[in-house]
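What follows is the content of query.txt, which has compact mmCIF, C-alpha atoms and all ligand atoms:
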```txt
# COMPACT_ATOMS: atom_id res chain seq x y z
CA MET A 19 -6.51 -10.85 19.00
CA SER A 20 -4.21 -8.19 20.33
CA THR A 21 -4.91 -4.67 19.10
CA ASP A 22 -1.99 -2.95 20.77
CA CYS A 23 -0.37 -2.32 17.37
CA PHE A 24 -2.91 0.43 16.70
CA GLN A 25 -4.05 3.43 18.67
CA ILE A 26 -6.81 5.77 17.57
CA GLU A 27 -6.07 9.32 18.73
CA ALA A 28 -8.89 11.34 17.14
CA ARG A 29 -12.13 10.78 15.25
CA CYS A 30 -14.15 12.94 12.87
CA GLY A 31 -17.33 11.26 11.64
CA SER A 32 -16.23 7.79 10.51
CA ALA A 33 -12.63 8.92 9.96
CA ARG A 34 -9.90 8.15 12.46
CA ALA A 35 -6.41 9.56 13.03
CA GLY A 36 -4.16 7.11 14.77
CA ARG A 37 -0.83 5.40 15.06
CA LEU A 38 0.27 2.02 13.75
CA ARG A 39 3.08 0.72 15.93
CA THR A 40 5.61 -1.39 14.05
CA ALA A 41 9.00 -2.88 14.85
CA HIS A 42 10.55 -0.11 12.76
CA GLY A 43 8.74 2.87 14.19
CA ASP A 44 5.28 4.36 14.46
CA VAL A 45 3.25 5.22 11.38
CA GLU A 46 0.74 8.04 11.61
CA THR A 47 -2.57 7.13 10.01
CA PRO A 48 -4.45 7.59 7.75
CA VAL A 49 -1.35 6.89 5.70
CA PHE A 50 -0.54 6.69 2.01
CA MET A 51 2.19 4.11 1.35
CA PRO A 52 4.41 4.73 -1.71
CA VAL A 53 4.95 1.61 -3.81
CA GLY A 54 8.52 0.31 -4.04
CA THR A 55 7.85 -2.83 -6.07
CA LEU A 56 11.45 -4.07 -6.40
CA ALA A 57 12.69 -2.65 -3.08
CA THR A 58 12.93 0.78 -4.69
CA VAL A 59 10.46 3.58 -5.25
CA LYS A 60 11.48 4.04 -8.88
CA GLY A 61 13.88 6.95 -9.28
CA VAL A 62 13.89 8.11 -5.65
CA PRO A 63 16.74 7.33 -3.23
CA GLN A 64 15.87 6.30 0.32
CA GLU A 65 17.26 9.50 1.88
CA THR A 66 14.82 11.52 -0.22
CA LEU A 67 11.92 9.31 0.91
CA GLU A 68 12.99 9.99 4.50
CA GLU A 69 13.12 13.71 3.79
CA LEU A 70 9.60 13.52 2.32
CA GLY A 71 8.41 12.03 5.60
CA VAL A 72 7.63 8.52 4.32
CA GLU A 73 7.07 6.36 7.43
CA ILE A 74 6.10 3.16 5.61
CA LEU A 75 6.54 1.92 2.08
CA LEU A 76 5.28 -1.11 0.21
CA ALA A 77 7.29 -3.76 -1.61
CA ASN A 78 5.95 -6.60 -3.76
CA THR A 79 6.67 -10.17 -2.69
CA TYR A 80 6.00 -11.64 -6.16
CA HIS A 81 8.70 -9.50 -7.81
CA LEU A 82 11.29 -9.96 -5.04
CA PHE A 83 10.57 -13.71 -4.86
CA LEU A 84 11.50 -13.97 -8.56
CA ARG A 85 14.40 -11.49 -8.40
CA PRO A 86 16.74 -11.40 -6.48
CA GLY A 87 14.99 -14.14 -4.45
CA THR A 88 13.76 -14.03 -0.87
CA ASP A 89 16.64 -16.18 0.48
CA THR A 90 19.18 -13.72 -0.91
CA ILE A 91 17.37 -10.83 0.76
CA ARG A 92 17.15 -12.73 4.05
CA GLN A 93 20.92 -13.30 4.00
CA LEU A 94 21.42 -9.57 3.45
CA GLY A 95 19.43 -8.65 6.55
CA GLY A 96 15.91 -8.75 5.14
CA LEU A 97 14.45 -5.85 3.16
CA HIS A 98 15.44 -3.29 5.81
CA GLY A 99 19.11 -4.24 5.63
CA PHE A 100 19.13 -4.94 1.89
CA MET A 101 17.66 -1.60 0.84
CA SER A 102 19.00 0.38 3.83
CA TRP A 103 15.60 1.50 5.07
CA GLU A 104 15.10 1.66 8.82
CA ARG A 105 11.47 2.71 8.78
CA ALA A 106 8.44 0.45 8.34
CA ILE A 107 7.78 -1.72 5.29
CA LEU A 108 4.66 -3.60 4.17
CA THR A 109 4.79 -6.48 1.70
CA ASP A 110 1.82 -7.86 -0.18
CA SER A 111 1.50 -11.65 -0.38
CA GLY A 112 2.17 -12.00 -4.10
CA GLY A 113 -1.40 -13.14 -4.69
CA TYR A 114 -2.47 -10.13 -6.72
CA GLN A 115 0.61 -10.22 -8.99
CA VAL A 116 0.36 -13.96 -9.57
CA PHE A 117 -3.17 -13.38 -10.80
CA SER A 118 -2.41 -10.25 -12.82
CA LEU A 119 1.12 -10.74 -14.23
CA SER A 120 2.05 -14.38 -14.56
CA ASP A 121 1.21 -16.80 -17.35
CA LEU A 122 -0.21 -20.30 -17.28
CA ARG A 123 -1.23 -20.28 -13.68
CA LYS A 124 -2.98 -23.27 -12.18
CA VAL A 125 -4.99 -22.54 -9.07
CA ARG A 126 -5.59 -25.48 -6.73
CA GLU A 127 -6.60 -25.74 -3.11
CA GLU A 128 -2.93 -26.30 -2.27
CA GLY A 129 -1.73 -23.11 -3.97
CA VAL A 130 -0.92 -21.57 -7.34
CA GLU A 131 1.52 -22.84 -9.93
CA PHE A 132 2.63 -20.13 -12.32
CA ARG A 133 5.27 -19.16 -14.83
CA SER A 134 7.47 -16.15 -14.15
CA HIS A 135 6.72 -13.13 -16.35
CA LEU A 136 10.53 -12.68 -16.54
CA ASP A 137 11.81 -15.97 -17.93
CA GLY A 138 8.90 -18.42 -17.99
CA ALA A 139 10.34 -20.54 -15.14
CA LEU A 140 7.79 -22.54 -13.17
CA HIS A 141 7.09 -21.46 -9.55
CA PHE A 142 4.64 -22.31 -6.81
CA LEU A 143 3.12 -20.02 -4.21
CA SER A 144 0.81 -21.21 -1.45
CA PRO A 145 -0.37 -19.73 1.84
CA GLU A 146 2.68 -21.37 3.46
CA THR A 147 5.34 -20.42 0.87
CA ALA A 148 4.00 -16.85 0.47
CA THR A 149 4.10 -16.40 4.25
CA ALA A 150 7.60 -17.94 4.42
CA ALA A 151 8.74 -15.53 1.68
CA GLN A 152 7.36 -12.58 3.64
CA ILE A 153 9.01 -13.73 6.87
CA ALA A 154 12.31 -13.94 4.94
CA LEU A 155 11.80 -10.43 3.52
CA GLY A 156 11.07 -9.27 7.06
CA ALA A 157 8.57 -6.49 6.38
CA ASP A 158 6.80 -5.07 9.42
CA VAL A 159 3.32 -5.68 8.01
CA ILE A 160 2.75 -8.78 5.88
CA MET A 161 -0.37 -9.97 4.10
CA ALA A 162 -2.27 -13.24 3.94
CA PHE A 163 -2.09 -15.03 0.57
CA ASP A 164 -5.41 -14.50 -1.19
CA GLU A 165 -7.02 -15.17 -4.53
CA CYS A 166 -7.85 -11.91 -6.23
CA THR A 167 -11.14 -12.66 -8.01
CA GLU A 168 -11.13 -11.45 -11.62
CA TYR A 169 -13.59 -8.78 -12.68
CA PRO A 170 -16.26 -9.22 -13.84
CA THR A 171 -17.12 -12.59 -12.34
CA GLU A 172 -20.32 -14.47 -11.52
CA HIS A 173 -21.61 -14.66 -7.97
CA GLN A 174 -21.04 -18.41 -7.72
CA HIS A 175 -17.40 -18.15 -8.76
CA ALA A 176 -16.81 -15.12 -6.53
CA ARG A 177 -18.20 -17.15 -3.62
CA GLN A 178 -15.93 -20.14 -4.27
CA SER A 179 -12.92 -17.84 -4.57
CA MET A 180 -13.81 -15.96 -1.37
CA GLU A 181 -14.23 -19.24 0.50
CA MET A 182 -10.82 -20.48 -0.68
CA THR A 183 -9.26 -17.14 0.39
CA ALA A 184 -10.77 -17.72 3.88
CA ARG A 185 -9.32 -21.26 4.06
CA TRP A 186 -5.96 -19.88 2.84
CA ALA A 187 -6.08 -17.15 5.52
CA GLU A 188 -6.29 -19.83 8.23
CA ARG A 189 -3.28 -21.63 6.75
CA CYS A 190 -1.31 -18.35 6.57
CA LYS A 191 -2.01 -17.61 10.22
CA LYS A 192 -1.05 -21.13 11.31
CA TYR A 193 2.22 -21.02 9.35
CA PHE A 194 2.99 -17.52 10.62
CA GLU A 195 2.46 -18.49 14.26
CA GLU A 196 4.78 -21.48 13.89
CA HIS A 197 7.53 -19.54 12.07
CA ARG A 198 7.29 -15.91 13.18
CA GLY A 199 10.57 -16.18 15.10
CA GLU A 200 12.47 -16.69 11.84
CA VAL A 201 12.21 -13.04 10.79
CA PRO A 202 15.70 -11.67 9.89
CA TRP A 203 15.57 -9.11 12.73
CA GLY A 204 14.11 -11.65 15.18
CA GLN A 205 17.30 -11.73 17.22
CA VAL A 206 17.07 -7.95 17.60
CA SER A 207 13.62 -8.19 19.14
CA SER A 208 14.74 -10.81 21.66
CA PHE A 209 17.55 -8.43 22.61
CA LYS A 210 14.80 -5.87 23.13
CA PHE A 211 13.15 -8.02 25.79
CA GLN A 212 16.47 -8.35 27.65
CA VAL A 213 17.18 -4.65 27.74
CA SER A 214 13.64 -3.53 28.47
CA SER A 215 13.46 -5.68 31.60
CA SER A 216 16.27 -3.57 33.02
CA GLY A 217 14.49 -0.39 32.06
CA ALA A 218 16.96 0.68 29.37
CA ARG A 219 15.46 2.51 26.40
CA ASN A 220 18.17 2.77 23.80
CA SER A 221 16.80 0.76 20.90
CA LYS A 222 14.36 2.04 18.30
CA LEU A 223 12.75 -1.39 18.28
CA GLU A 224 11.70 -0.97 21.88
CA THR A 225 9.15 1.69 21.06
CA GLY A 226 7.23 -0.38 18.55
CA ASN A 227 5.81 -3.79 18.01
CA SER A 228 8.51 -6.44 18.18
CA SER A 229 6.87 -8.88 15.75
CA GLN A 230 5.73 -8.79 12.17
CA LEU A 231 2.01 -8.07 11.85
CA LEU A 232 0.05 -10.44 9.60
CA PHE A 233 -3.10 -8.84 8.15
CA GLY A 234 -6.08 -10.74 6.75
CA ILE A 235 -7.68 -9.78 3.41
CA VAL A 236 -11.38 -9.44 2.65
CA GLN A 237 -12.39 -10.60 -0.86
CA GLY A 238 -15.82 -11.30 -2.41
CA GLY A 239 -15.70 -9.67 -5.85
CA MET A 240 -18.29 -6.95 -6.42
CA TYR A 241 -20.98 -8.59 -4.26
CA ALA A 242 -21.89 -6.86 -1.01
CA ASP A 243 -23.21 -10.08 0.58
CA LEU A 244 -19.93 -11.89 -0.14
CA ARG A 245 -17.88 -8.95 1.13
CA GLN A 246 -19.84 -9.03 4.37
CA GLU A 247 -19.43 -12.79 4.72
CA SER A 248 -15.70 -12.59 3.87
CA ALA A 249 -15.20 -9.86 6.49
CA GLY A 250 -17.00 -11.98 9.10
CA ARG A 251 -14.95 -15.09 8.32
CA THR A 252 -11.63 -13.22 8.25
CA VAL A 253 -12.36 -11.44 11.54
CA GLU A 254 -13.31 -14.78 13.07
CA ILE A 255 -9.85 -16.18 12.19
CA GLY A 256 -8.43 -13.11 13.90
CA PHE A 257 -5.69 -10.76 12.66
CA PRO A 258 -4.16 -7.55 14.07
CA GLY A 259 -5.42 -5.68 10.97
CA TYR A 260 -7.62 -6.18 7.91
CA ALA A 261 -7.25 -5.30 4.26
CA ILE A 262 -9.93 -4.90 1.63
CA GLY A 263 -8.53 -6.52 -1.52
CA GLY A 264 -9.70 -7.24 -5.04
CA LEU A 265 -10.88 -3.68 -5.74
CA SER A 266 -9.68 -1.14 -8.31
CA VAL A 267 -9.46 -4.00 -10.80
CA GLY A 268 -11.40 -2.30 -13.61
CA GLU A 269 -14.76 -1.59 -11.96
CA SER A 270 -16.25 1.90 -11.74
CA ARG A 271 -15.21 4.24 -8.93
CA SER A 272 -18.74 4.21 -7.54
CA LEU A 273 -18.72 0.41 -7.37
CA THR A 274 -15.34 0.43 -5.55
CA ARG A 275 -16.79 2.81 -3.02
CA GLU A 276 -19.96 0.74 -2.68
CA MET A 277 -17.89 -2.38 -1.87
CA VAL A 278 -15.77 -0.49 0.67
CA GLU A 279 -18.93 0.83 2.32
CA ALA A 280 -20.40 -2.67 2.38
CA THR A 281 -17.27 -4.05 4.09
CA LEU A 282 -16.31 -1.44 6.69
CA PRO A 283 -19.20 -1.99 9.15
CA HIS A 284 -18.10 -5.63 9.46
CA LEU A 285 -14.49 -4.87 10.43
CA PRO A 286 -13.46 -4.17 14.04
CA GLN A 287 -13.61 -0.47 14.97
CA ASP A 288 -10.36 -0.50 16.92
CA GLN A 289 -8.11 -2.25 14.38
CA PRO A 290 -6.32 -0.90 11.29
CA ARG A 291 -8.09 -1.13 7.92
CA TYR A 292 -6.09 -1.14 4.72
CA LEU A 293 -7.64 -0.49 1.32
CA MET A 294 -5.32 -2.03 -1.28
CA GLY A 295 -4.43 -0.33 -4.57
CA VAL A 296 -6.28 2.99 -4.18
CA GLY A 297 -6.31 5.77 -5.46
CA THR A 298 -6.34 9.35 -6.84
CA PRO A 299 -5.69 12.28 -4.45
CA ASP A 300 -9.41 12.94 -4.00
CA GLU A 301 -10.13 9.21 -3.53
CA ILE A 302 -7.59 8.83 -0.73
CA VAL A 303 -9.29 11.69 1.11
CA GLU A 304 -12.74 10.16 0.51
CA TYR A 305 -11.65 6.73 1.79
CA ALA A 306 -9.95 8.21 4.84
CA ALA A 307 -13.26 9.95 5.55
CA LEU A 308 -15.02 6.57 5.41
CA GLY A 309 -12.65 5.15 8.03
CA ILE A 310 -9.80 3.62 6.00
CA ASP A 311 -6.41 3.90 7.75
CA MET A 312 -3.92 2.70 5.14
CA MET A 313 -3.76 2.94 1.33
CA ASP A 314 -1.21 2.29 -1.41
CA CYS A 315 -1.23 2.97 -5.13
CA VAL A 316 1.22 3.11 -8.05
CA LEU A 317 -0.63 6.16 -9.38
CA PRO A 318 1.58 9.03 -8.10
CA THR A 319 4.82 7.29 -9.10
CA ARG A 320 3.60 5.81 -12.40
CA ALA A 321 1.83 9.02 -13.41
CA ALA A 322 5.02 10.98 -12.65
CA ARG A 323 6.98 8.84 -15.11
CA HIS A 324 4.31 9.70 -17.69
CA GLY A 325 4.71 13.41 -16.98
CA LEU A 326 1.42 13.73 -15.10
CA LEU A 327 1.64 15.88 -12.00
CA TYR A 328 -0.90 16.25 -9.21
CA THR A 329 -1.34 19.77 -7.88
CA SER A 330 -3.65 21.70 -5.59
CA GLU A 331 -5.32 22.97 -8.80
CA GLY A 332 -5.80 19.50 -10.28
CA LYS A 333 -3.72 17.26 -12.54
CA LEU A 334 -1.44 18.67 -15.23
CA ALA A 335 0.42 17.10 -18.16
CA ILE A 336 3.88 18.68 -18.10
CA LYS A 337 4.49 18.00 -21.82
CA ASN A 338 1.81 20.55 -22.68
CA ALA A 339 3.20 23.32 -24.92
CA ARG A 340 1.72 26.00 -22.68
CA PHE A 341 4.38 25.22 -20.05
CA ALA A 342 7.33 25.81 -22.46
CA GLN A 343 8.03 29.31 -21.12
CA ASP A 344 6.36 28.97 -17.73
CA GLU A 345 8.71 30.14 -15.00
CA GLY A 346 6.38 29.19 -12.17
CA PRO A 347 6.65 26.06 -10.00
CA VAL A 348 4.55 22.93 -10.65
CA ASP A 349 2.31 23.89 -7.74
CA PRO A 350 2.69 27.27 -5.99
CA ARG A 351 1.13 25.73 -2.86
CA CYS A 352 3.56 22.80 -2.69
CA GLY A 353 6.54 23.02 -0.35
CA CYS A 354 8.56 20.21 -1.96
CA ARG A 355 12.16 20.64 -3.06
CA VAL A 356 11.16 20.36 -6.73
CA CYS A 357 8.63 23.17 -6.50
CA ALA A 358 11.08 25.25 -4.47
CA ARG A 359 13.78 25.04 -7.11
CA TYR A 360 12.59 24.18 -10.63
CA SER A 361 10.22 25.79 -13.12
CA ARG A 362 7.49 24.14 -15.15
CA ALA A 363 9.47 25.16 -18.27
CA TYR A 364 12.52 23.21 -17.06
CA LEU A 365 10.48 20.15 -16.07
CA ARG A 366 8.74 20.23 -19.46
CA HIS A 367 12.13 20.40 -21.19
CA LEU A 368 13.46 17.43 -19.19
CA TYR A 369 10.36 15.37 -19.97
CA SER A 370 10.31 16.29 -23.69
CA SER A 371 14.03 15.43 -23.95
CA ASN A 372 13.43 12.08 -22.26
CA GLU A 373 15.96 12.91 -19.53
CA SER A 374 16.01 10.52 -16.56
CA LEU A 375 15.93 13.47 -14.16
CA ALA A 376 12.36 14.14 -15.37
CA ALA A 377 11.07 10.94 -13.77
CA VAL A 378 13.04 11.61 -10.57
CA LEU A 379 11.78 15.16 -10.06
CA ASN A 380 8.21 14.40 -11.16
CA THR A 381 8.06 11.45 -8.76
CA ILE A 382 9.39 13.48 -5.84
CA HIS A 383 6.74 16.14 -6.42
CA ASN A 384 3.85 13.69 -6.80
CA LEU A 385 4.85 11.81 -3.65
CA ALA A 386 5.18 15.10 -1.77
CA PHE A 387 1.68 16.02 -2.95
CA TYR A 388 0.17 12.70 -1.81
CA LEU A 389 1.98 12.73 1.54
CA ASP A 390 1.00 16.33 2.11
CA THR A 391 -2.62 15.49 1.27
CA MET A 392 -2.56 12.78 3.95
CA ARG A 393 -0.92 15.16 6.43
CA ARG A 394 -3.82 17.54 5.83
CA VAL A 395 -6.29 14.67 6.27
CA ARG A 396 -4.78 13.77 9.67
CA GLN A 397 -4.74 17.40 10.72
CA SER A 398 -8.36 17.90 9.60
CA ILE A 399 -9.49 14.83 11.55
CA LYS A 400 -7.77 16.13 14.68
CA LEU A 401 -9.41 19.55 14.22
CA ARG A 402 -12.72 17.90 13.22
CA HIS A 403 -12.72 19.84 9.93
CA LEU A 404 -12.54 16.98 7.46
CA GLU A 405 -15.73 18.12 5.65
CA ALA A 406 -13.95 21.30 4.48
CA LEU A 407 -11.02 19.34 3.04
CA LEU A 408 -13.43 16.94 1.34
CA SER A 409 -15.26 19.72 -0.50
CA GLU A 410 -11.92 21.25 -1.50
CA VAL A 411 -10.58 18.04 -3.09
CA ARG A 412 -13.94 17.32 -4.75
CA SER A 413 -13.84 20.68 -6.53
CA HIS A 414 -10.26 20.04 -7.74
CA SER A 415 -11.09 16.58 -9.02
CA LEU A 416 -13.64 18.27 -11.31
CA ASN A 417 -10.85 20.50 -12.76
CA SER A 418 -8.33 17.73 -13.10
CA SER A 419 -10.11 15.74 -15.80
CA THR A 420 -9.77 18.67 -18.20
CA GLN A 421 -6.04 19.21 -17.66
CA GLY A 422 -4.47 15.85 -18.15
CA GLU A 423 -4.84 12.36 -19.36
CA ASP A 424 -4.97 9.13 -17.49
CA PRO A 425 -1.69 7.17 -17.24
CA ALA A 426 -3.39 3.80 -17.01
ZN ZN B 501 6.05 20.07 -5.32
```

As structure tokens, please, write out the structure in this file.
Ligand SMILES: [Zn+2]
Amino acid sequence: MSTDCFQIEARCGSARAGRLRTAHGDVETPVFMPVGTLATVKGVPQETLEELGVEILLANTYHLFLRPGTDTIRQLGGLHGFMSWERAILTDSGGYQVFSLSDLRKVREEGVEFRSHLDGALHFLSPETATAAQIALGADVIMAFDECTEYPTEHQHARQSMEMTARWAERCKKYFEEHRGEVPWGQVSSFKFQVSSSGARNSKLETGNSSQLLFGIVQGGMYADLRQESAGRTVEIGFPGYAIGGLSVGESRSLTREMVEATLPHLPQDQPRYLMGVGTPDEIVEYAALGIDMMDCVLPTRAARHGLLYTSEGKLAIKNARFAQDEGPVDPRCGCRVCARYSRAYLRHLYSSNESLAAVLNTIHNLAFYLDTMRRVRQSIKLRHLEALLSEVRSHSLNSSTQGEDPA
């Protein structure tokens, strides 16, 4: 399997700093991907995401499949054209949402029948239809359709589920290889081949990968032996990158970490590794240190809408009365436009008054904090100083539990 979509540029212990090459530009890794479920990072316009330095964002296939529909988005130029975003996008397969949001699902070998959480209409997603939906959406990185094993679950059931995910992964790959040319920007990449043969270099697409990248997903519940076996089977099928799925589903943080540590040695060293649905600011640093290259989580954006702000001093709840007259910025060490302009007192007022600007400004700050944390991770890996950053974030995570409350 080709690995030219990923280049490792520096290592520090198990951590790696590298570059994921996509059809819509390079992504510096380790990377945190903001979640834009419905083709929008709630409350933040695309130009602000660009200004924050977002190189890749995530959108959810399940939600877009139900509304406005993947055919509609294809006709409007795929997600890039539809939402006017020229940088990279990753879509999940819809598997996780089908298992967490929809009612009355029936899981069979063929696929999953489920009722929409919006209107109760009956739908069907399978490895083939989920891959077709993601080709229509046209994200740069797309995911194999997997069954997210519920937690807790018995070993026998986790094994059956993991084995079905492996069979589904093969079907996803087969469908993808037969239909990859149907991506909405496919004609652009064939143009690329014409111009590059003459040596011209005037298209952004020329610098990256000209195809979508389909990643496999490791499952196996909370059982290290199943995680290892799932990794082996998924790698045997062969993908340009691998995700670790089915974690952060209610288990303890130490168990999440244990499963990640059980999986990583069985994934190829030179290919990107994506840990799905993780985590807090200190967790994303910890996982980057273990050798994870890509992460996504709703935490910074969802917490922001609940008035919870991440800072270099830990987490704070902006509604707290002690901020009512506080003229200082959210985080004196943050360089974001919110911290440069607005006081804690003003942000507290907006949040207490239920003003929509509260969610906008809080989200911009939290994303800036996460992206800046990852920038520091990449820098620390390149300088081989990651240990120092790790001890810094560990000490702040001890503070943070006393300052806020969990949004979950
Ligand atoms: Zn800020």

Practice problem: Fewer than 2 positions away in the same chain doesn't count, so skip those; otherwise give me all residues within 9 Å of A:Ala249, counting all atoms listed in the file, as a list in words. | Solution: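 Non-adjacent residues within range: Ile235, Val236, Gln237, Leu244, Arg245, Gln246, Glu247, Arg251, Thr252, Val253, Glu254, Tyr260, Ile262, Thr281, Leu282, His284 and Leu285 of chain A.
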
Practice problem: Give me the residues within 7 Å of A:Ser32 as a PyMOL selection string, counting only C-alpha atoms and dropping any in the same chain fewer than 3 places off. | Solution: chain A and resi 29+307-309

Quiz item: What is the distance between atom CA of A:Asp349 and atom ZN of ligand ZN 501 (chain B), in Å to one decimal?
Solution: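 Rounded to one decimal, the two atoms are 5.9 Å apart.
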
Quiz prompt | Point-to-point distance from atom CA of A:Trp186 to atom CA of A:Leu231, Å rounded to tenths | solution =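 That distance, rounded to one decimal, is 16.9 Å.
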
Quiz item: Can you tell me, as a list in words, which residues sit within 8 Å of (2.4, 2.3, 1.7) in the file's frame, using only C-alpha atoms?
Solution: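 Protein, DNA and RNA residues close to (2.4, 2.3, 1.7): Val49, Phe50, Met51, Pro52, Val53, Ile74, Leu75, Leu76, Ile107, Leu108, Met312, Met313, Asp314 and Cys315 of chain A.
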
Can you spit out the residues from that selection as a PDB file, in the coordinates of the input, using C-alpha atoms?
```pdb
ATOM      1  CA  VAL A  49      -1.350   6.890   5.700  1.00  0.00           C
ATOM      2  CA  PHE A  50      -0.540   6.690   2.010  1.00  0.00           C
ATOM      3  CA  MET A  51       2.190   4.110   1.350  1.00  0.00           C
ATOM      4  CA  PRO A  52       4.410   4.730  -1.710  1.00  0.00           C
ATOM      5  CA  VAL A  53       4.950   1.610  -3.810  1.00  0.00           C
ATOM      6  CA  ILE A  74       6.100   3.160   5.610  1.00  0.00           C
ATOM      7  CA  LEU A  75       6.540   1.920   2.080  1.00  0.00           C
ATOM      8  CA  LEU A  76       5.280  -1.110   0.210  1.00  0.00           C
ATOM      9  CA  ILE A 107       7.780  -1.720   5.290  1.00  0.00           C
ATOM     10  CA  LEU A 108       4.660  -3.600   4.170  1.00  0.00           C
ATOM     11  CA  MET A 312      -3.920   2.700   5.140  1.00  0.00           C
ATOM     12  CA  MET A 313      -3.760   2.940   1.330  1.00  0.00           C
ATOM     13  CA  ASP A 314      -1.210   2.290  -1.410  1.00  0.00           C
ATOM     14  CA  CYS A 315      -1.230   2.970  -5.130  1.00  0.00           C
TER      15      CYS A 315
END
```

Quiz item: Excluding same-chain residues fewer than 3 positions from stretch 197-206 of chain A, what lies within 10 Å of it counting only C-alpha atoms, as a PyMOL selection string?
Solution: chain A and resi 41+91-99+149-150+152-158+191-194+209-211+221+223-224+228-232

Could you build a table of the residues in chain A lying no more than 12 Å from ligand ZN 501 (chain B), giving for each the nearest pair of atoms and their separation in Å rounded to one decimal place, using all atoms listed in the file, ordered by chain and ascending residue number, as CSV?
```
residue,atom,partner,partner_atom,distance
A:Leu70,CA,B:ZN501,ZN,10.7
A:Ala322,CA,B:ZN501,ZN,11.7
A:Leu327,CA,B:ZN501,ZN,9.0
A:Tyr328,CA,B:ZN501,ZN,8.8
A:Thr329,CA,B:ZN501,ZN,7.8
A:Ser330,CA,B:ZN501,ZN,9.8
A:Gly346,CA,B:ZN501,ZN,11.4
A:Pro347,CA,B:ZN501,ZN,7.6
A:Val348,CA,B:ZN501,ZN,6.2
A:Asp349,CA,B:ZN501,ZN,5.9
A:Pro350,CA,B:ZN501,ZN,8.0
A:Arg351,CA,B:ZN501,ZN,7.9
A:Cys352,CA,B:ZN501,ZN,4.5
A:Gly353,CA,B:ZN501,ZN,5.8
A:Cys354,CA,B:ZN501,ZN,4.2
A:Arg355,CA,B:ZN501,ZN,6.5
A:Val356,CA,B:ZN501,ZN,5.3
A:Cys357,CA,B:ZN501,ZN,4.2
A:Ala358,CA,B:ZN501,ZN,7.3
A:Arg359,CA,B:ZN501,ZN,9.4
A:Tyr360,CA,B:ZN501,ZN,9.4
A:Ser361,CA,B:ZN501,ZN,10.5
A:Arg362,CA,B:ZN501,ZN,10.7
A:Leu365,CA,B:ZN501,ZN,11.6
A:Leu379,CA,B:ZN501,ZN,8.9
A:Asn380,CA,B:ZN501,ZN,8.4
A:Thr381,CA,B:ZN501,ZN,9.5
A:Ile382,CA,B:ZN501,ZN,7.4
A:His383,CA,B:ZN501,ZN,4.1
A:Asn384,CA,B:ZN501,ZN,6.9
A:Leu385,CA,B:ZN501,ZN,8.5
A:Ala386,CA,B:ZN501,ZN,6.2
A:Phe387,CA,B:ZN501,ZN,6.4
A:Tyr388,CA,B:ZN501,ZN,10.1
A:Leu389,CA,B:ZN501,ZN,10.8
A:Asp390,CA,B:ZN501,ZN,9.7
A:Thr391,CA,B:ZN501,ZN,11.8
```

Quiz item: So which residues touch A:Gln178 within 12 Å, counting only C-alpha atoms, skipping near sequence neighbours fewer than 6 positions away, as an MDAnalysis selection string?
Solution: chainID A and resid 126:127 165:167 171:172 184:185 237:239 244 248

Exercise. Considering all atoms listed in the file, return as a ChimeraX atom specification whatever protein or nucleic-acid residues lie within 12 Å of A:Pro63, sequence-local ones (same chain, fewer than 3 positions apart) excluded.
Key: /A:54,57-60,66-70,72,101-103,378-379,381-382

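If you measure from each of A:Glu188, A:Asp288, A:Glu410, A:Glu269 to A:Glu168 using only C-alpha atoms, the closest one turns out to be A:Glu269.
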
Quiz item: When you draw a straight line from atom CA of A:Phe142 to atom CA of A:Thr319, how long is it in Å?
Solution: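 Between atom CA of A:Phe142 and atom CA of A:Thr319 the gap is 29.7 Å.
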
Practice problem: Kindly indicate which residue among A:Arg34, A:Lys124, A:Arg85, A:His173 lies nearest to A:Asp137, using all atoms listed in the file for the distances. | Solution: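 Smallest distance to A:Asp137 is found for A:Arg85.
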
Quiz item: Nearest to A:Asn78 among A:Gly112, A:Pro48, A:Gly61, A:Pro318, with distances taken over all atoms listed in the file: which residue is it?
Solution: A:Gly112

Produce the centre coordinates and the three edge lengths, each in Å to one decimal, of the box along x, y and z that contains all listed atoms of stretch 304-314 of chain A with 8 Å added on each side, as lines of an AutoDock Vina configuration file.
```
center_x = -8.1
center_y = 6.2
center_z = 3.3
size_x = 29.8
size_y = 23.9
size_z = 25.4
```

Quiz item: So, counting all atoms listed in the file, which residue among A:Ala151, A:Ala339, A:Met240, A:Leu407 is closest to A:Phe163?
Solution: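 Among the listed residues, A:Ala151 lies closest to A:Phe163.
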
Practice problem: Choose the residue, out of A:Val62, A:Val125, A:Ala242, A:Ala35, that has the smallest atom-to-atom separation from A:Arg402; count all atoms listed in the file. | Solution: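 When distances to A:Arg402 are compared using all atoms listed in the file, the smallest one comes from A:Ala35.
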